[in-house]
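> Submitted below is the structure of interest, expressed as C-alpha cells.
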Amino acid sequence: MFGFISRRIAMALVVMFVVALISFLLFRFVGDPVNQMVGVETTPEQREALRQRLGLNDPVLTQFFRYIWGAVQFDFGNSYQFKQPVADLIGRRLPATLELSFASAIFALLLGIPMGVYTGLNRDSWLSKVFLSVSLVGISLPTFFIGILFIFLFSVTLQWLPSFGRGEVVQIAPFWDTGFLTASGLKAIILPAITLGLYQMTLIMRLIRAEMLEVMRTDHIKFARARGLPNRSVYYVHALKNTMVPVITITGLQLGSIIAFAIITETVFQWPGMGILFLQAVQNVDIPIMAAYLLLTAFIFVVINLIVDLLYVVIDPRLRTERGRA
Amino acid sequence: MRLKIASAALAMVLAAGTQANAETLKFAFQGTYNQLDPYSLNETFSLSMHGNVYETLVRRSADLKIEPALATSWEVIEPTRWRFHLRKGVKFHNGNDFNADDVIFSADRVRAEGSDLTQVLSAEVKVEKVDDYTVDFILPGVNPILHSEWENWPIMDKEWTEANDAVKVTSASDTNPNYASLHANGTGPFKIASHEPGVKTTYTVNDSWWDEKQHNLTGAEFTPIGSDATRVAALLSGELDMAYPIPVQDIKRVDNNAGTSALTGPELRTIFLGFDQRRDELTYSNIKGKNPFKDVRVRKAFYQAIDVDAIKAKIMRGLSEPSALLISPFLFANSGDFSRYPYDPEAAKALLAEAGYADGFEVSMDCPNDRYVNDEAICQATAAFLARVGIKINLNAQPKAKYFAKVLASGGFDTSFYMLGWTPGSFDSYNILKNLNNCRDDKGTASPFNLGGYCNPKVDELTKLVLSENDEEKRNALISEAYTIINNDVSHIPLHQQGLAWGVSDKVTVTQRADNKFLLKYVNFK
C-alpha cells in the first residue's frame with residue numbers, strides 16, 4: 001500500500017511539473033504584461049526598465065526555474081495587477097469558489113439521483129420524457145447562456161434573486177468567509193449554483209438511469225423479486241446500491257471540474273471566486289496568477305484521482321488481492 | 001408543519017436583500033479597482049476612484065475648467081516661477097494638517113522611480129517652500145500648461161506615508177505591496193472603508209471635508225462587473241444605482257426600462273487610423289521595394305474612401321462624433337476652423353490611380369478587439385470601404401494585450417496600418433503634437449506614440465513654439481498652423497470621438513464629465 005501511494009505521489013509531481021512547464025511556454029503567446037500595467041503615456045524607456053525589473057527579458061527557461069524555485073517554497077510571486085502575493089489572493093477567493101462548487105454539487109446530486117431512478121424505473125411515463133427533455137437542454141445549452149437567461153428571468157423580470165455577487169458574507173475563520181449564514185448570501189448562491197450544477201445534474205441523472213436499466217435486468221433483482229420483497233426495498237436497497245459505484249467515481253471527478261472550471265459561471269454572475277480572478281488575469285496577462293491557478297487546478301485533479309484510485313482499492317476486494325499477490 | 005416553516009423561511013430570504021440603505025450608492029464598472037496608491041497607475045478609472053478620496057492642488061470642474069482646490073490661488077511671479085497659495089485648515093482623514101511639506105513630499109514622490117504619473121510634473125521643475133502655506137514651482141523654461149494635468153496628482157500626507165513606510169511608490173515590479181496601496185488617507189469628500197481588489201470597495205463620507213458638500217450620500221459601494229450582460233441586468237433590476245459603460249446596443253434597453261435611463265455624451269478620446277510612413281518597404285503588403293504610404297495621395301485616398309458617417313450610424317448607433325482633428329473639439333478653441341475631407345470613393349480611386357496604384361494593393365491592418373467601443377467592427381467596416389476602391393485589407397484584430405505588444409515601441413512598431421485611440425492627459429494640443437506627430441527614431445524617442453513614424457520638421461518646430469508660448473491666442477494660432485500641416489499631409493485618418501454611455505437609476509442624479517470620470521461628490525438621491 002505504501003509503495004502504491006508513493007508511486008502515485010511521484011507521478012502526481014511529474015504531472016504538475018509538466019503542467020507548469022506547458023503553461024509557462026504558453027504564456028509567451030498571451031501578450032505583453034507591461035502594457036497592461038502602465039498608463040498610456042508611460043515612455044518606452046520606462047516600460048523597458050519595468051520589463052527588466054520583472055525579469056521578463058530573461059530566457060523562458062530561466063523564468064520557469066525561478067518560478068518553480070519559488071513555488072516549491074510556496075511563493076507564487078506577486079500579481080502584476082493587484083501587487084499582492086498570489087497565494088493570498090487565491091486563498092481569499094478560494095472559499096467563494098468552494099462554496100459555489102459545494103452548493104452546485106449538492107443540487108446536482110439531490111435532483112439528479114431521484115430523477116435518474118424515476119426515469120430508469122418508469123421509462124415510458126410522460127414525466128420521464130419531461131425529465132429527459134429538460135436534461136437535454138441542460139447538456140446542450142452553453143453555461144453562459146443559461147446564466148444570462150436565469151438573470152433576465154429571475155433578476156430583471158421577476159426580481160426574486162440578485163444578478164451578481166455573493167451577498168453579505170460572514171468571516172467565520174481568518175481564512176474563510178461564508179455566504180451560507182446570511183439571507184442575502186443564500187439568495188445570491190441559488191442562480192449560480194443551479195447554472196453550474198445543471199450539466200452535472202443531467203450527467204448524474206442519465207448515468208443513474210442507464211445503470212438502473214442495466215441492474216434491473218440482473219439475476220439478483222429477479223431473485224429479490226422472487227423472494228417477494230416489496231418494490232421499495234428492491235428499487236432503493238438492492239438496485240440503487242449497485243448503481244452507485246460508477247456514480248461515485250464520476251461525481252468525484254466532476255467535483256474537480258466544477259471547482260476548476262467555474263470560470264464561466266463566476267464571470268456571468270460576478271461571483272468573486274478564483275475563476276473570475278483567473279479570467280481577469282488572462283485579460284491582463286497577469287502571469288503569476290495564471291501560473292498559480294493552473295498549478296492549483298492540476299493539484300486538485302491529481303489529488304482527486306489519487307483518492308479515487310485509493311477508493312477503488314478499498315471498495316473492490318479483487319484489486320486488493322491481486323496487488324497482494326503481485 | 002415543517003414544510004410551512006421552510007416555505008416561510010424561503011419567503012423571508014426572498015424578501016430580504018432587495019431593500020438597501022437608500023443613500024448608499026451602488027455602482028459598477030467593467031474593470032477592477034486595484035491598488036489604492038494614487039501614483040501607481042495612470043488610468044482614467046483608477047484616477048477617478050482615487051479622486052473621491054484624494055485631492056489635488058487644482059481640480060477640474062464639471063465642464064473640465066481648471067479651478068482651485070487645495071491651492072486657493074496661484075500666480076506666475078516670474079515667467080518661470082509659479083507661486084501657489086495653499087488652503088488653510090484642511091485636514092487629512094487621519095486628522096493631520098495639510099501644508100506645504102505635503103506638497104513638496106508629493107512632488108518628490110510622484111516623480112520617483114515606480115511612479116506611473118511622472119508626466120504630471122517634469123523632473124526638472126524645482127519645488128520650493130516659501131512658508132507653510134506657500135509653495136513656488138521653478139521651471140526650466142516657460143510652460144503655460146504646468147498645472148494642466150494636476151487633477152491626476154493627488155496630494156498625500158507626508159507624515160502618514162512616512163510613518164507607514166510607504167514612501168516608495170508601489171510599482172508594478174515590487175514584490176511587496178506597501179501600506180499606501182491597500183490604505184488611503186486623503187483630504188477628499190469620501191474615505192475608503194474597505195477595499196478588496198477585484199471584489200468590492202466601499203466608501204464612507206468624510207464629514208469634516210473643507211468644501212461645501214454637493215452630494216447627499218451616506219456611503220457608496222463599488223463592484224467591478226466584467227460581463228456586459230450582467231452589468232446591464234443588475235442595473236435594470238435595480239440592484240445597482242449606476243453602471244458604466246453601457247454597451248451601445250443596450251442603450252435603448254436601459255432607456256426604455258422603467259426606472260433607469262442612459263446618459264450619453266461625447267468622450268474626449270479620439271479614434272484614428274495611422275500608416276507606416278517610415279519604412280522604405282511596408283512589412284505587410286504585396287507592394288515590394290517601396291512604401292505606398294509615403295505618398296500623400298495614397299493616404300488621402302484611404303481617408304476619402306472611408307464613410308465615417310456610416311460608421312457612426314451603423315456601428316456606433318449614433319453615439320460618436322466624426323472628427324477632423326486628432327483632438328476633441330472640447331479641448332481646442334479653434335477646432336471649428338477644421339473640417340474632414342469628404343467621403344468620396346471616386347476621388348479616392350482617382351488619387352490611387354494618380355499615385356500609380358490604379359489596381360489597388362494589399363495591406364494588413366492591426367486592430368484591437370477589446371480596447372475601444374466596437375473597435376473590431378470599425379476595422380471591419382474600414383476594410384469593406386477600402387475594398388470598394390480596390391484596396392484589400394487583411395485584418396488582424398487581437399486582444400489589447402497582444403495588439404499593443406505588437407504595435408507599440410516595445411514591439412518595434414510592427415505594423416503597416418493600424419487603429420489607435422488617444423486622449424491627451426493634459427487636455428491640451430501640445431500632448432497630441434508631441435506624442436503623435438513629431439518625428440521619431442526607430443526606438444520611438446521624441447514621439448513615442450507616433451506609431452507610423454509620420455515626420456514633418458515644420459510640425460516639430462511648431463511643437464516647440466507651442467510649448468513656450470504663454471499668450472493663449474498666439475498659442476492657439478501656432479497649434480492651428482500645426483494642425484493645418486498635419487491635415488494637408490494626412491498624417492493620420494481621424495475617425496471620431498467615441499461616445500460614453502452611463503446607465504443611471506432614476507433615483508439618483510449624477511454629473512457626467514467628458515473625460516469619463518464618475519465622481520461621487522456630484523451624486524444625489526432624489
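Residue names in the C-alpha cells use chain letters A, B, ... in the order shown, residue numbers from 1 in each chain, and ligand numbers from 1 in the order shown.
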Tell me, counting only C-alpha atoms, for each residue of chain A within 6 Å of chain B, which pair of atoms is nearest and how far apart they are in Å to one decimal, in rows ordered by chain and increasing number, as CSV.

```
residue,atom,partner,partner_atom,distance
A:Gly31,CA,B:Lys402,CA,4.2
A:Asp32,CA,B:Ala405,CA,5.3
A:Val38,CA,B:Leu41,CA,5.7
A:Gly39,CA,B:Asn42,CA,4.4
A:Leu54,CA,B:Ser173,CA,5.4
A:Asn78,CA,B:Thr175,CA,6.0
A:Tyr80,CA,B:Ala172,CA,6.0
A:Phe82,CA,B:Asn34,CA,5.2
A:Lys83,CA,B:Pro177,CA,5.5
A:Gln84,CA,B:Pro177,CA,5.8
A:Ser155,CA,B:Ser237,CA,6.0
A:Val156,CA,B:Ser237,CA,4.4
A:Ser163,CA,B:Ala234,CA,5.7
A:Ala183,CA,B:Val13,CA,5.1
A:Ser184,CA,B:Gly17,CA,5.4
A:Val268,CA,B:Ser227,CA,6.0
A:Gln270,CA,B:Ile225,CA,5.9
A:Pro272,CA,B:Val199,CA,5.8
```
> For a test of reading the model, state the distance in Å between atom CA of Val53 of chain B and atom CA of Met156 of chain B, rounded to one decimal.
10.5 Å
> Can you work out which one of B:Ser339, B:Met419, B:Ile327, B:Asp414 has the shortest atom-to-atom distance to Glu376 of chain B, counting only C-alpha atoms?
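Going through B:Ser339, B:Met419, B:Ile327, B:Asp414 one by one, the smallest distance to Glu376 of chain B is for B:Met419.
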> From the options B:Trp210, B:Phe29, B:Phe293, B:Phe330, which residue's atoms come nearest to Gly188 of chain B, counting only C-alpha atoms?
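Between B:Trp210, B:Phe29, B:Phe293, B:Phe330, the residue approaching Gly188 of chain B most closely is B:Trp210.
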> One decimal, Å: what's the distance from atom CA of Ala62 of chain B over to atom CA of Ser468 of chain B, could you say?
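A separation of 28.2 Å between them.
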> From a backbone DSSP assignment, name each residue in segment 217-256 of chain A labelled alpha helix (DSSP H), as a list of chain:residue names.
A:Asp219, A:His220, A:Ile221, A:Lys222, A:Phe223, A:Ala224, A:Arg225, A:Ala226, A:Asn231, A:Arg232, A:Ser233, A:Leu240, A:Lys241, A:Asn242, A:Thr243, A:Met244, A:Val245, A:Pro246, A:Val247, A:Ile248, A:Thr249, A:Ile250, A:Thr251, A:Gly252, A:Leu253, A:Gln254, A:Leu255, A:Gly256
> I'd like to know which of B:Ala262, B:Cys455, B:Ile393, B:Ala514 is closest to Val248 of chain B, using only C-alpha atoms.
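Closest to Val248 of chain B, using only C-alpha atoms: B:Ala262.
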> Within 12 Å of Asp219 of chain A, counting only C-alpha atoms, which residues qualify if same-chain residues fewer than 6 places away don't, as a PyMOL selection string?
chain A and resi 225-226+238-239
> Excluding segment 6-19 of chain A and its own-chain neighbours fewer than 6 positions away, which residues fall within 12 Å of it when counting only C-alpha atoms? Please give them as a short mmCIF file (atom, residue, chain, number, x, y, z; two decimals) with C-alpha atoms, in the first residue's frame.

```
data_model
loop_
_atom_site.label_atom_id
_atom_site.label_comp_id
_atom_site.auth_asym_id
_atom_site.auth_seq_id
_atom_site.Cartn_x
_atom_site.Cartn_y
_atom_site.Cartn_z
CA LEU A 25 5.54 28.09 -22.52
CA LEU A 26 2.01 29.15 -23.46
CA PHE A 64 10.46 28.95 -15.42
CA PHE A 65 13.02 27.62 -12.99
CA TYR A 67 9.15 30.26 -10.74
CA ILE A 68 9.46 26.58 -9.76
CA TRP A 69 12.07 27.50 -7.15
CA ALA A 71 6.67 27.55 -5.96
CA VAL A 72 8.31 24.73 -4.01
CA MET A 290 -2.39 32.29 -14.28
CA ALA A 291 0.52 30.04 -13.40
CA ALA A 292 -0.60 29.53 -9.80
CA TYR A 293 -4.19 28.86 -10.84
CA LEU A 294 -3.19 26.23 -13.39
CA LEU A 295 -0.92 24.57 -10.84
CA LEU A 296 -3.73 24.55 -8.30
CA THR A 297 -6.11 23.06 -10.85
CA ALA A 298 -3.61 20.34 -11.69
CA PHE A 299 -3.18 19.73 -7.98
CA ILE A 300 -6.93 19.36 -7.41
CA PHE A 301 -7.25 16.85 -10.22
CA VAL A 302 -4.21 14.91 -9.13
CA VAL A 303 -5.50 14.68 -5.55
CA ILE A 304 -8.98 13.62 -6.62
CA ASN A 305 -7.56 10.98 -8.93
CA LEU A 306 -5.38 9.71 -6.15
CA ILE A 307 -8.35 9.46 -3.79
CA VAL A 308 -10.43 7.70 -6.43
CA ASP A 309 -7.65 5.22 -7.05
CA LEU A 310 -7.35 4.53 -3.35
#
```
> Show which residues sit within 8 Å of Leu240 of chain B, as a VMD selection string. Count only C-alpha atoms, and ignore same-chain residues fewer than 6 positions away.
chain B and resid 25 to 28 234 505
> Given the choices A:Pro142, A:Pro114, A:Pro95, A:Pro288, which gets closest to Gly179 of chain A if the distance is worked out from only C-alpha atoms?
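Counting only C-alpha atoms, the residue closest to Gly179 of chain A is A:Pro95.
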> Write out as an NGL selection string each polymer residue whose atoms come within 9 Å of Tyr118 of chain A, counting only C-alpha atoms; drop sequence neighbours fewer than 4 positions from it.
:A and (113-114 or 122-123 or 127-128 or 209)
